[in-house]
Structure formats: structure tokens, C-alpha cells
Amino acid sequence: MDLLEHAGKRVLASHGVLVPIGHLAVDVDQAVAAGDAIGYPVVVKAQVPVGGRGKAGGIKVANDAEEVAAGAGAVLGMSIKGHLVRSVWVEEALTAAREIYFSFTFDRAAKLHLGMLSARGGIDIEQVAVEFPEAIHRFHVNPLERFSEEAAIAAVAAAGITGDAAEPVAGLLVKLYDAYVAEDAELMEVNPLAVVADGRVVAMDAKVILDDNAAWRHPGWEEWRDIEGLDPRERSAREKGLTYVGLDGSVGIIGNGAGLVMSTLDVVAQAGGRAANFLDVGGGAAADVITAALDVVNADPAVRAIFVNIFGGITRGEEVAKGIVEALGRVDLRSPIVVRLDGTNAEEGRAILASHESDRLISRPTMLEAARTAVEMARA
Amino acid sequence: MSILVDGSTRVLVQGLTGSQGRFHGLRNRAYGTSVVAGVTPGKGGTDVEGIPVFDTVAEAVAATGAEASLVFVPARGAAAAVIEAGEAGIALVVCITEGIPLHDEARAFHHLARNCGGTRLLGPNCPGVISPGKANLGITPGEIALPGGPVGVVSRSGTLTYQALHELTRNGIGQTTCVGIGGDPVPGTGFIDCLRLFQADPETRAVIMIGEIGGADEEAAAAFIAAEMDKPVVAYVAGVTAPPGRRMGHAGAIVSGGKGGAAAKIEALEAAGATVVLDPTELGSRMAAVLKL
């Protein structure tokens, strides 16, 4: 789960990390009230789960109530990288004497937690990483161990952060690592971590990704789940317990297993088409799950043909076929379905499909043939 | 021969009394796997269709001599179950469970590495390992595999593993062992571990390797193939056209440096001398050509 900035900052604050004073606002009046309460100047920041907000015009500095109203009015309702801005975070404007980049994430290659620290934080950190890789200090922490104060001091020195800021920054790193572990985070990133004029070290932004697999031990996460911001197709799929990613083509895809679905996207591209989505029904899907999946794909107006690609392992061919036939009877399907069924009980499944074969339901023996047929039908 | 498991491997199932554990544990036994025990805390002294159930792995090992464990324990308890198996001296722990929290998984992996040197972990979130005709530990449908070799299979993806077995079998090509290493962030056993075992196995003459986008494991495997293997490898990488994955802040971009895409993996594998197919249903026919069958 990707947390919005305001939620990420609340998580950090609960672990003793200093963050600017701020309030969430969903309309202009609330934003002005927040500005008045905090005292000017303030910063009005779009709450969307993507980076590059500043460059997209989603962050405005305001020196008085009028400017807050203008800023919030401009930012609320705008779209940043496809995300509608439904709320803004209004916070005290602090001037950074220096900006530091800091993150903890998991390094799959090393199988260790990875800390990254740079004295050259700020909006161009990815550029810095490319041009001056040595400007980013990287260090690993074994998941069985704590990140000690001594290790933090060493990391800060290695990153070239010196002077009065060194000690408070090191202290903050220890808190951030503890927060990263305690909150079951996949990513905790602060960019910039600002050293402000009075010497305080403040997290000016927060990018926190929480591990959905650990949601059961964090009941508090529910209030942060931002399903409103999801693509409506994705929301409907999530409610049905399906793994769905919306794409921009015209061939609707349903398959079992992430690898096979990815592979299906590839074969559709090979056949000259474009997939409208990625939909994985998972292992062992019964007829009703297939029907639900068809429902979701059918609801996408861009879909012109549906390609159901199933290799039965635990999933059984006749269950898939039954689900398709049931959906044909129950759902008003706008698009023809092309099915490729193989593996466990595929013969039984194909027999069921054969008895319902029509120009709306077509079986093909191989993935590539099925993809070609689906692409042709999507073009027709 | 086979790698990792064979007909003599004595297997216990952690979570045998749960629905998944029972279903697959019994299927694995019916396949011919020597399933000697189950473990479920609090259910010691009972049995599942004649398979004795114990409260702890240590008790099961003492009573039955089990040397491999198959874990079907739900995600909340799976990491602890893996650690328990390692501490009881189990040599091979196959963890099928998916959805284990990242931090739990990372701690379990390092706990085994640090304290249980003799234990190999396969998975989590994998279909398991099958040596056709000898033993099946996991959820692979045994009937799609063909005993007798000479091909070894190693894969990150579940369904595509089945697809590969099916294509080999359809072309009359048997398998020595098929290993699903799983797609989780901290796999206990990786491509290179399996490639090394297949290279050393006298009955394995060629290997199928199935990768996916993300990470750099396929590139590392390619380097191993180039440096250490003289057996032919036929490879497939899923995700050539997949949309870019979820963005992990700036950190993700900094770590990956823009790598992890399918094209770079395919290029690396081809440069290492592997034959790469673009359609997974061609794995069988292409392997037949490589083996000159």
C-alpha cells in the first residue's frame, strides 16, 4: 500500500521523527482555515501517490489566505500522472539550509535491507544517482540486527554529512530504521530531510510503502487505504479479490498465474494487438471467480475481445469452462471470448466449451493461435 | 538421477491438518512420495489417513527420520514454521505458502543462514519440487510430468512451470527434476543453486530456465551459464510487454538503474549461449531440437 504524504508523515511522526506542522484539506475553505491556523507562509501540496508533484505544478507556496485559496483552488481537481488530486496537505513553510536524501528499502540482490543516504538530496536525486553515483552512500543492514547508533554515525560520515547536523541526522536514521521494521514497510524514503535554520532536522516529505501481506498485524492501516484514488476498473477488481492492472489496449486478458498472464500480454503483442488489462485469477479458481473476472473485463468500454488463457494446475479446466458458460448466460458480454485451455482436465473443459461454441465463444488449441484470433476480433 | 529429492526422501508436512496441507499432502503421497509425518501444534497423536501427526517438527523427526519438510502453514505462521524446521535439522524445507510479510521472510532466511547451516530453503511462494516418477513435494500436478529425464527445469513462475512440463511431456521429453523457486523477494534457493545442481547431475543433459521481469537474478544466472555450464539451456522470460511495475519511490529507480526489463535479461541469456524462446509453448519443441531428438 502506497501511503499519501500526509499519512506517511503521521507514521514517521509516531516514531519520533520531526515533521512540519500541517493539516489535510479537501476544499478551499479547509485549506484557508489550515493556513490561518498554522501561520504564514505555508506550502499547499497535492496528495497523490506519485513523485514529481512540484514539477507538475502540484505544490504552491502561499504567503496569505488569498494565496492559499488560489493555490488550493488550482491544485484540487488537477490530474498528476493520471491521479486526480482529491486533497491537499497544508503545512508550515520551512527553509532548508541543506537537503539530505534518505531511504530504507529491501535489496533483493543482496537479500539485506538497504539504506541510502546522500548529502545532495532534493528534487534531482535520481539525476545525482546517474551522474554522481558516489554521492549516494549505500549500506546494508542484516534483518536479524538493529541499526545501531554507531553504524548510523559511520553512515552519516561516509555520506559526507559533517558539522552540527551530523549527530541529529544519525539519530534520525536510527529512528527511521526502527519505523521501517516496526511498520512492515517496503520503502521508507525521506527526500528531502531538511536541516532548517535553527538546526532542527525535519522530514519535509515522506514516501512510505507498506507491505500489504502484513496488514493483519496493523489494523490501523485501514484508514489510510486510498481506494478512492484507484482506477475504477481496479477498484471493482479489488472488491472481487482479483489481481488487476488496467492497460490501454483493446484485448481483455484473463489468465491464471502472474507469469502466464504476463506471458499472455507478450503473445498478444506478438500477434500485433494490445492488451486492455492484466487480470490474474490466481490458483484454483472456481467457476464463480471466472465469471467475476469476465464481469470486470467486460465493464471496460475499451475492450473489443476477451482472451481467456488458462493452464490448469490446481485450476481445473471444467471449472473454467463452466464459469465462462455461466457468464455467457448471466452477463451481457459485449465482446467475443477466445479461450485457450490446457493442463488439468482440459479435455473436459474443451468439451463443455465445444457444446456452446458460437461466434461469441471460440476455442483455440494454442496460445499463439488464440492470441491471433483475439487480436483479429478486437480489430473487427 | 534427480536433484534435491528422490524416492527415498522422507517428507513431513507442516500444516498437514489444514485444507491445503491435507489436499496436497495426500496427493503427494498418492504420487509415490514418502510422506512420513504431519506437524500441527496441538494435534499431536492424531493422524491424516494413516499419516501420524506430531505437535512439533523435532518430535516428528525423532519418530520418523523425516529429512525434508513441506510447509503449508498459513502466511501468519509460515516464517516461524520454516525456522522450526531448520532448528529441527531438516535438510530441505519447501515453503509453498504465499503472502508472507517481507520482513518475516527476510528474518527467516537469515536465521537459517546463520543458525541452521545444513538447511536448504526452497520458496516461499513456490510450487515446490518434483522429480518425476520419484517424489513430488508441492502443488505441481504430477500427471503433467514425464519420468526418465533428461531435462531439468528451474522456474520463477508457477503456471509457466506447469506449461514447460506439459510442453516437454507432449514432445516425449522426460524430466529429471523440476524446481519452482518462487517469485518472492527472498527466495531461499535461486536459479544459480539449481543450475549448479543440474550441471553436476549426470542424468540431466539440458535445462529449461523460466525467468520474469524484475531484479537481476536472470542476468546473474546468465553469467553462471557462460562461466560454469556446458549443458545447453533453453530459456523463456515473461514480461516483455508488461507495464513498468509499481514505482518504489526514488529508491527503486536508484537501485535498479533502469535495469530489470525483459530485453536486458533475454540479451544476457543469449550472450551466455542459451536458446531463448519468445512463446512459452515453444519450450518443448525447441528443447527437442537442442537435444537433436
# chains A, B, ... in the order shown; residues from 1 in each chain; ligands from 1
call {"tool": "residues_around", "arguments": {"residues": "Asn136 (chain B)", "least_positions_apart": "3", "cutoff": "6 Å", "atoms": "only C-alpha atoms", "output": "PyMOL selection string"}}
result
chain B and resi 28+33+130
call {"tool": "residues_around", "arguments": {"residues": "region 62-76 of chain A", "least_positions_apart": "5", "cutoff": "8 Å", "atoms": "only C-alpha atoms", "output": "NGL selection string"}}
result
:A and (26-29 or 31-32 or 35-36 or 40-46 or 57 or 85-88)
call {"tool": "residues_around", "arguments": {"residues": "Ser335 (chain A)", "least_positions_apart": "2", "cutoff": "7 Å", "atoms": "only C-alpha atoms", "output": "mmCIF file with N, CA and C atoms, in the first residue's frame"}}
result
data_model
loop_
_atom_site.group_PDB
_atom_site.id
_atom_site.type_symbol
_atom_site.label_atom_id
_atom_site.label_comp_id
_atom_site.auth_asym_id
_atom_site.auth_seq_id
_atom_site.Cartn_x
_atom_site.Cartn_y
_atom_site.Cartn_z
ATOM 1 N N ARG A 304 -12.565 -4.972 -26.837
ATOM 2 C CA ARG A 304 -13.282 -5.399 -28.037
ATOM 3 C C ARG A 304 -13.283 -6.912 -28.183
ATOM 4 N N ALA A 305 -12.398 -7.588 -27.488
ATOM 5 C CA ALA A 305 -12.353 -9.051 -27.491
ATOM 6 C C ALA A 305 -11.713 -9.478 -26.176
ATOM 7 N N ILE A 306 -12.114 -10.665 -25.697
ATOM 8 C CA ILE A 306 -11.577 -11.141 -24.417
ATOM 9 C C ILE A 306 -10.832 -12.450 -24.661
ATOM 10 N N LEU A 333 -22.360 -9.853 -22.226
ATOM 11 C CA LEU A 333 -21.000 -9.675 -22.723
ATOM 12 C C LEU A 333 -21.016 -8.931 -24.056
ATOM 13 N N ILE A 337 -15.412 -13.995 -26.826
ATOM 14 C CA ILE A 337 -14.395 -14.597 -25.955
ATOM 15 C C ILE A 337 -13.619 -15.644 -26.736
#
call {"tool": "residues_around", "arguments": {"residues": "region 86-92 of chain B", "least_positions_apart": "6", "cutoff": "10 Å", "atoms": "only C-alpha atoms", "output": "CSV table (one decimal) with N, CA and C atoms, in the first residue's frame"}}
result
chain,number,residue,atom,x,y,z
B,4,LEU,N,17.8,-32.6,-5.5
B,4,LEU,CA,17.1,-32.2,-4.3
B,4,LEU,C,16.2,-33.3,-3.6
B,5,VAL,N,15.4,-34.0,-4.4
B,5,VAL,CA,14.5,-35.0,-3.8
B,5,VAL,C,14.5,-36.2,-4.7
B,9,THR,N,13.5,-39.8,-0.3
B,9,THR,CA,13.4,-38.7,0.6
B,9,THR,C,12.2,-38.8,1.5
B,11,VAL,N,9.5,-37.3,3.9
B,11,VAL,CA,8.9,-36.0,4.0
B,11,VAL,C,7.9,-35.8,5.1
B,12,LEU,N,8.0,-34.7,5.8
B,12,LEU,CA,6.9,-34.3,6.7
B,12,LEU,C,6.2,-33.1,6.2
B,56,THR,N,5.3,-31.0,17.1
B,56,THR,CA,6.5,-30.2,16.7
B,56,THR,C,7.3,-31.0,15.6
B,57,VAL,N,8.1,-30.2,14.9
B,57,VAL,CA,8.9,-30.8,13.9
B,57,VAL,C,9.9,-31.8,14.5
B,58,ALA,N,10.5,-31.3,15.7
B,58,ALA,CA,11.5,-32.1,16.3
B,58,ALA,C,11.0,-33.5,16.7
B,59,GLU,N,9.8,-33.5,17.2
B,59,GLU,CA,9.2,-34.8,17.6
B,59,GLU,C,9.0,-35.7,16.3
B,60,ALA,N,8.5,-35.0,15.2
B,60,ALA,CA,8.3,-35.8,14.0
B,60,ALA,C,9.6,-36.4,13.5
B,61,VAL,N,10.6,-35.6,13.5
B,61,VAL,CA,11.9,-36.0,13.0
B,61,VAL,C,12.4,-37.2,13.9
B,62,ALA,N,12.3,-37.0,15.2
B,62,ALA,CA,12.8,-38.1,16.1
B,62,ALA,C,12.0,-39.4,15.9
B,65,GLY,N,12.3,-40.0,11.3
B,65,GLY,CA,13.5,-39.8,10.5
B,65,GLY,C,13.3,-38.9,9.3
B,66,ALA,N,12.3,-38.0,9.3
B,66,ALA,CA,12.0,-37.1,8.2
B,66,ALA,C,13.2,-36.2,7.9
B,67,GLU,N,13.5,-36.0,6.6
B,67,GLU,CA,14.6,-35.2,6.3
B,67,GLU,C,14.2,-34.0,5.4
B,68,ALA,N,13.0,-34.0,5.0
B,68,ALA,CA,12.5,-32.8,4.2
B,68,ALA,C,11.2,-32.4,4.8
B,69,SER,N,10.9,-31.1,4.7
B,69,SER,CA,9.6,-30.6,5.2
B,69,SER,C,8.9,-29.8,4.1
B,70,LEU,N,7.6,-30.0,4.0
B,70,LEU,CA,6.8,-29.2,3.1
B,70,LEU,C,5.9,-28.4,3.9
B,80,ALA,N,7.8,-18.7,11.0
B,80,ALA,CA,8.1,-19.4,12.2
B,80,ALA,C,8.2,-20.9,11.9
B,108,ALA,N,13.5,-15.0,8.5
B,108,ALA,CA,13.6,-16.4,8.5
B,108,ALA,C,14.8,-16.9,7.6
B,111,HIS,N,17.9,-16.2,9.5
B,111,HIS,CA,18.0,-17.1,10.7
B,111,HIS,C,18.6,-18.5,10.2
B,112,LEU,N,18.0,-19.0,9.1
B,112,LEU,CA,18.5,-20.3,8.6
B,112,LEU,C,20.0,-20.2,8.2
B,113,ALA,N,20.3,-19.1,7.5
B,113,ALA,CA,21.7,-19.0,7.0
B,113,ALA,C,22.7,-18.9,8.2
B,115,ASN,N,22.1,-19.8,11.6
B,115,ASN,CA,22.0,-20.8,12.7
B,115,ASN,C,21.8,-22.3,12.2
B,116,CYS,N,21.3,-22.4,11.0
B,116,CYS,CA,21.0,-23.8,10.5
B,116,CYS,C,21.7,-24.1,9.2
B,117,GLY,N,23.0,-24.1,9.3
B,117,GLY,CA,23.8,-24.2,8.1
B,117,GLY,C,23.5,-25.4,7.1
B,118,GLY,N,23.0,-26.4,7.7
B,118,GLY,CA,22.7,-27.6,6.9
B,118,GLY,C,21.3,-27.6,6.2
B,119,THR,N,20.6,-26.5,6.4
B,119,THR,CA,19.2,-26.5,5.9
B,119,THR,C,19.1,-25.7,4.6
B,120,ARG,N,18.5,-26.3,3.5
B,120,ARG,CA,18.2,-25.5,2.3
B,120,ARG,C,16.7,-25.2,2.3
B,121,LEU,N,16.4,-23.9,2.0
B,121,LEU,CA,15.0,-23.5,1.9
B,121,LEU,C,14.7,-23.3,0.4
B,122,LEU,N,13.6,-23.9,0.0
B,122,LEU,CA,13.0,-23.6,-1.4
B,122,LEU,C,11.7,-22.9,-1.2
call {"tool": "atom_distance", "arguments": {"atom1": "CA of Lys240 (chain A)", "atom2": "CA of Leu279 (chain A)"}}
result
11.7 Å
